Every structure is written in structure tokens, then in C-alpha cells.
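Note sheet for the following structure.
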Amino acid sequence: RTDRPSGDGLSAVIRYTEYGIPHIVAGDYPSLGFGEGWAQAADQVCVLADGFVTGRGERSRYFGPDAATDGSLSSAATNLTSDLFFRGINAAGTVEKLLAQPAPAGPSRQAKELMRGYAAGYNAWLRQHRVTDPACRGAAWVKPITTLDVARHGYALALLSGQGAAVDGITGARPPVAGAQPGQALSLIH
């Protein structure tokens, strides 16, 4: 099967193998990203939308603060700790600062074009299709994304084996108690 999606001035050709693997052909990086965003949305819109909710720090809003996360983007035990972690990153402007750095400290022009195209492709798929997957059909959290959402998702994936593996410890950290000696256990219950 071959798809020829287009939107927002971008287009790609997506050829699927007999096993459903997409091969994307495009004339430039934004269109290549467009094809990737489209193909991934077509295959896994609910999983992707869930990840974008995580990156925005909105899991508690949509899924409840005490519910367990799926563990795909961090080790957080609950949506609330996940939100605290990612909202801290967002409030600090960490991803925005990285995006503002020139390559190689920040992403190349081509990487930025891929992210912009990915967001456009994902959004075009959402506009042109009805979500039928029962996991997220009609869900308010399945909505258009921005290039920043794509970059935050990538940043979360990069953190997964580092800080992302220690989210509960990071969000549950407390300042030391005055007078405590290193290694001394103190009771905080009086």
C-alpha cells in the first residue's frame, strides 16, 4: 500500500511493506518529518498522545494524580510525581534552552526541520482521520502538538536511562534536617 499524505505545505510518499513497515520518501527534511509524524500517528496515535501528555506534565489532569504511569518515559510511580518532574523541566525552559543552542550543543537545522515536520504530519493525520482506537477514542488528551512537544518527547526519551529512572527520588527529595550528621537517620515524626 502507498499513502501520499499532505498538509501545511508538506507532503511525503509512504510505502508500506507487506508487514506494515512504512518507508518514507520526501523532498526535504520538513516533509520527511511530516511523513514520519503521519505514519506514526496512523500506527500508534494513542501511545504517542499519552507521551505528549507526559511531556507537558498533564497526566494528573487527564488520568488522576494517584494513578500509576505506564513507565514508558520515566520511572515515576504516579502521575503526580511524573507531572512534578516534567513540569519542573518545562518551567526551567530546559528544552527551549537546548533548542536555542547552535549545533552541535543543540539540534542541527535538519533536526529542527524534522521536528517541525513531524508535528505537522501528526496534526494533519489527526485533522484528516477519526481516532477509532478504544484506548483513546474521543479523549480530550488526544490533540494537536507543537514542535516543542516533539522536542520535549525526545528529551524525555534521552533522560529515560538517567534522571528519568530516578523520578520518585528526585521529586520526593527533602532538604536535610538541621543538626543531622552525614549518614545519620533521623525521624521526621515528632
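Naming works like this for the C-alpha cells: A, B, ... for the chains as they're shown, residue 1 at the start of each chain, ligands 1 onward in shown order.
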
Chain A: residues DSSP assigns to helix (DSSP H, G or I), reported as JSON, numbers by chain: {"A": [29, 30, 31, 32, 33, 34, 35, 36, 37, 38, 39, 40, 41, 42, 43, 44, 45, 46, 47, 48, 49, 50, 51, 52, 53, 54, 55, 56, 59, 60, 61, 62, 63, 79, 80, 81, 82, 83, 84, 85, 86, 87, 88, 89, 90, 91, 94, 95, 96, 97, 98, 99, 100, 109, 110, 111, 112, 113, 114, 115, 116, 117, 118, 119, 120, 121, 122, 123, 124, 125, 126, 127, 128, 147, 148, 149, 150, 151, 152, 153, 154, 155, 156, 157, 158, 159, 163, 164, 165, 166, 167, 168, 169, 170, 171]}

Create the file for the chosen residues now, containing C-alpha atoms and written as a compact mmCIF listing (two decimals), in the first residue's frame.
# COMPACT_ATOMS: atom_id res chain seq x y z
CA TYR A 29 13.66 17.37 5.90
CA PRO A 30 10.37 19.01 6.93
CA SER A 31 8.47 16.72 4.53
CA LEU A 32 10.41 13.69 5.80
CA GLY A 33 9.38 14.60 9.35
CA PHE A 34 5.83 15.11 8.09
CA GLY A 35 5.76 11.58 6.70
CA GLU A 36 7.16 10.17 9.94
CA GLY A 37 4.62 12.03 12.09
CA TRP A 38 1.79 10.89 9.83
CA ALA A 39 2.91 7.25 9.74
CA GLN A 40 3.45 7.07 13.50
CA ALA A 41 0.09 8.71 14.24
CA ALA A 42 -1.60 6.24 11.90
CA ASP A 43 0.05 3.33 13.72
CA GLN A 44 0.05 4.43 17.37
CA VAL A 45 -1.84 7.68 17.95
CA CYS A 46 -2.92 6.72 21.50
CA VAL A 47 0.60 5.80 22.63
CA LEU A 48 2.03 8.98 21.13
CA ALA A 49 -0.69 11.22 22.57
CA ASP A 50 -0.10 9.68 26.00
CA GLY A 51 3.61 10.53 25.68
CA PHE A 52 2.84 14.13 24.75
CA VAL A 53 0.58 14.41 27.82
CA THR A 54 3.52 13.18 29.92
CA GLY A 55 5.93 15.69 28.41
CA ARG A 56 3.52 18.57 29.08
CA ARG A 59 -1.02 13.26 33.42
CA SER A 60 -2.82 14.09 36.68
CA ARG A 61 -5.29 16.29 34.82
CA TYR A 62 -6.37 13.56 32.45
CA PHE A 63 -5.67 10.30 34.32
CA ASN A 79 1.01 10.65 37.55
CA LEU A 80 1.59 13.36 40.16
CA THR A 81 5.31 12.61 40.51
CA SER A 82 5.60 12.39 36.73
CA ASP A 83 3.93 15.80 36.41
CA LEU A 84 6.17 17.34 39.08
CA PHE A 85 9.25 16.10 37.26
CA PHE A 86 8.25 17.19 33.77
CA ARG A 87 6.71 20.50 34.87
CA GLY A 88 9.99 21.28 36.60
CA ILE A 89 11.86 20.70 33.34
CA ASN A 90 9.29 22.79 31.46
CA ALA A 91 9.29 25.64 33.99
CA THR A 94 15.38 23.27 29.66
CA VAL A 95 14.26 22.06 26.25
CA GLU A 96 13.82 25.59 24.93
CA LYS A 97 17.38 26.42 26.02
CA LEU A 98 18.69 23.32 24.26
CA LEU A 99 16.76 24.20 21.10
CA ALA A 100 18.30 27.69 21.16
CA ARG A 109 18.88 22.80 11.36
CA GLN A 110 17.85 19.48 9.80
CA ALA A 111 16.81 18.04 13.18
CA LYS A 112 14.67 21.13 13.85
CA GLU A 113 13.09 20.79 10.41
CA LEU A 114 12.34 17.11 11.10
CA MET A 115 10.65 18.01 14.42
CA ARG A 116 8.59 20.77 12.77
CA GLY A 117 7.54 18.40 10.01
CA TYR A 118 6.75 15.62 12.50
CA ALA A 119 4.35 17.87 14.41
CA ALA A 120 2.72 18.94 11.13
CA GLY A 121 2.34 15.32 9.99
CA TYR A 122 0.89 14.15 13.30
CA ASN A 123 -1.53 17.08 13.33
CA ALA A 124 -2.54 16.55 9.69
CA TRP A 125 -3.31 12.89 10.45
CA LEU A 126 -5.48 13.97 13.42
CA ARG A 127 -7.36 16.50 11.27
CA GLN A 128 -7.99 14.05 8.46
CA THR A 147 7.38 21.32 17.65
CA LEU A 148 8.15 21.92 21.32
CA ASP A 149 6.02 18.88 22.26
CA VAL A 150 8.11 16.78 19.85
CA ALA A 151 11.36 18.13 21.31
CA ARG A 152 10.15 17.51 24.88
CA HIS A 153 9.24 13.94 23.98
CA GLY A 154 12.72 13.41 22.56
CA TYR A 155 14.27 14.93 25.67
CA ALA A 156 12.20 12.61 27.90
CA LEU A 157 13.44 9.61 25.91
CA ALA A 158 17.03 10.83 26.32
CA LEU A 159 16.54 11.14 30.09
CA GLN A 163 17.26 11.15 35.60
CA GLY A 164 14.14 9.53 34.20
CA ALA A 165 15.00 6.36 36.11
CA ALA A 166 15.02 8.27 39.43
CA VAL A 167 11.90 10.46 39.20
CA ASP A 168 10.37 9.41 42.52
CA GLY A 169 13.65 10.08 44.32
CA ILE A 170 14.05 13.45 42.63
CA THR A 171 10.50 14.64 43.27

CA of Trp141 (chain A) to CA of Asp70 (chain A), straight-line distance in Å: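 CA of Asp70 (chain A) sits 15.7 Å away from CA of Trp141 (chain A).
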
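Going from CA of Ile24 (chain A) to CA of Gln101 (chain A) covers 28.8 Å.
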
Atom-to-atom span, CA of Pro144 (chain A) and CA of Arg1 (chain A), Å: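 Going from CA of Pro144 (chain A) over to CA of Arg1 (chain A), I get 26.2 Å.
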
Of the listed residues A:Ala76, A:Ala139, A:Asp3, A:Arg174, that which approaches Thr17 (chain A) most closely, counting only C-alpha atoms: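 The shortest atom-to-atom distance to Thr17 (chain A) comes from A:Asp3.
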
Would you please give, as a list in words, all residues of chain A that DSSP assigns to strand (DSSP E) based on the backbone? Thr2, Asp3, Ser6, Gly7, Leu10, Ser11, Val13, Ile14, Arg15, Tyr16, Pro22, His23, Ile24 and Val25 of chain A

Would you write out those residues with all heavy atoms, as a CSV table (one decimal), in the first residue's frame?
chain,number,residue,atom,x,y,z
A,2,THR,N,0.4,2.3,-0.6
A,2,THR,CA,1.2,3.6,-0.7
A,2,THR,C,0.2,4.7,-0.3
A,2,THR,O,-0.9,4.8,-0.8
A,2,THR,CB,1.7,3.8,-2.1
A,2,THR,OG1,2.6,2.7,-2.4
A,2,THR,CG2,2.4,5.1,-2.2
A,3,ASP,N,0.7,5.5,0.7
A,3,ASP,CA,-0.1,6.7,1.1
A,3,ASP,C,0.7,7.9,0.6
A,3,ASP,O,1.9,7.9,0.5
A,3,ASP,CB,-0.2,6.8,2.6
A,3,ASP,CG,-1.2,5.8,3.2
A,3,ASP,OD1,-1.9,5.1,2.4
A,3,ASP,OD2,-1.1,5.6,4.4
A,6,SER,N,-0.5,14.9,2.7
A,6,SER,CA,-0.1,16.2,2.6
A,6,SER,C,-0.9,17.1,3.5
A,6,SER,O,-1.9,16.8,3.9
A,6,SER,CB,-0.2,16.7,1.1
A,6,SER,OG,-1.6,16.7,0.8
A,7,GLY,N,-0.3,18.3,3.8
A,7,GLY,CA,-0.9,19.3,4.7
A,7,GLY,C,0.1,20.3,5.1
A,7,GLY,O,1.3,20.0,5.1
A,10,LEU,N,3.4,20.6,3.2
A,10,LEU,CA,4.3,19.5,3.3
A,10,LEU,C,3.7,18.2,2.7
A,10,LEU,O,2.5,18.1,2.8
A,10,LEU,CB,4.8,19.2,4.7
A,10,LEU,CG,5.5,20.4,5.4
A,10,LEU,CD1,5.7,20.1,6.9
A,10,LEU,CD2,6.8,20.8,4.7
A,11,SER,N,4.5,17.3,2.2
A,11,SER,CA,3.9,16.1,1.6
A,11,SER,C,5.0,15.0,1.7
A,11,SER,O,6.2,15.3,1.7
A,11,SER,CB,3.4,16.3,0.2
A,11,SER,OG,4.4,16.6,-0.7
A,13,VAL,N,5.6,10.5,0.5
A,13,VAL,CA,5.1,9.3,0.0
A,13,VAL,C,5.5,8.2,1.0
A,13,VAL,O,6.7,8.1,1.4
A,13,VAL,CB,5.7,8.9,-1.4
A,13,VAL,CG1,5.3,7.6,-1.9
A,13,VAL,CG2,5.4,10.0,-2.4
A,14,ILE,N,4.5,7.5,1.5
A,14,ILE,CA,4.8,6.4,2.4
A,14,ILE,C,4.4,5.1,1.8
A,14,ILE,O,3.2,4.9,1.5
A,14,ILE,CB,3.9,6.6,3.7
A,14,ILE,CG1,4.2,8.0,4.3
A,14,ILE,CG2,4.3,5.6,4.8
A,14,ILE,CD1,3.3,8.4,5.5
A,15,ARG,N,5.4,4.3,1.6
A,15,ARG,CA,5.2,2.9,1.0
A,15,ARG,C,5.3,1.9,2.2
A,15,ARG,O,6.3,1.9,2.9
A,15,ARG,CB,6.2,2.6,0.0
A,15,ARG,CG,6.1,3.5,-1.3
A,15,ARG,CD,7.0,3.1,-2.4
A,15,ARG,NE,6.9,4.0,-3.5
A,15,ARG,CZ,7.8,4.9,-3.7
A,15,ARG,NH1,8.9,5.1,-3.0
A,15,ARG,NH2,7.6,5.7,-4.8
A,16,TYR,N,4.3,1.1,2.3
A,16,TYR,CA,4.2,0.1,3.4
A,16,TYR,C,4.6,-1.2,2.9
A,16,TYR,O,4.2,-1.6,1.8
A,16,TYR,CB,2.8,0.0,4.0
A,16,TYR,CG,2.5,1.3,4.8
A,16,TYR,CD1,1.9,2.4,4.2
A,16,TYR,CD2,2.8,1.3,6.2
A,16,TYR,CE1,1.6,3.5,5.0
A,16,TYR,CE2,2.4,2.4,7.0
A,16,TYR,CZ,1.9,3.5,6.3
A,16,TYR,OH,1.6,4.6,7.1
A,22,PRO,N,6.5,1.2,7.4
A,22,PRO,CA,6.5,2.4,6.5
A,22,PRO,C,7.9,2.8,6.0
A,22,PRO,O,8.8,2.8,6.8
A,22,PRO,CB,5.9,3.5,7.4
A,22,PRO,CG,6.3,3.1,8.8
A,22,PRO,CD,6.3,1.6,8.8
A,23,HIS,N,8.0,3.1,4.7
A,23,HIS,CA,9.2,3.6,4.1
A,23,HIS,C,8.8,5.0,3.6
A,23,HIS,O,7.9,5.1,2.7
A,23,HIS,CB,9.8,2.7,3.1
A,23,HIS,CG,10.3,1.4,3.6
A,23,HIS,ND1,11.6,1.2,3.9
A,23,HIS,CD2,9.6,0.3,3.9
A,23,HIS,CE1,11.8,0.0,4.4
A,23,HIS,NE2,10.6,-0.6,4.4
A,24,ILE,N,9.5,6.0,4.0
A,24,ILE,CA,9.1,7.4,3.7
A,24,ILE,C,10.0,8.0,2.7
A,24,ILE,O,11.2,8.0,2.9
A,24,ILE,CB,9.0,8.2,5.0
A,24,ILE,CG1,8.0,7.6,6.0
A,24,ILE,CG2,8.6,9.7,4.7
A,24,ILE,CD1,8.1,8.0,7.4
A,25,VAL,N,9.5,8.6,1.7
A,25,VAL,CA,10.2,9.3,0.7
A,25,VAL,C,9.7,10.7,0.7
A,25,VAL,O,8.5,11.0,0.6
A,25,VAL,CB,10.1,8.7,-0.7
A,25,VAL,CG1,10.8,9.5,-1.8
A,25,VAL,CG2,10.5,7.2,-0.7
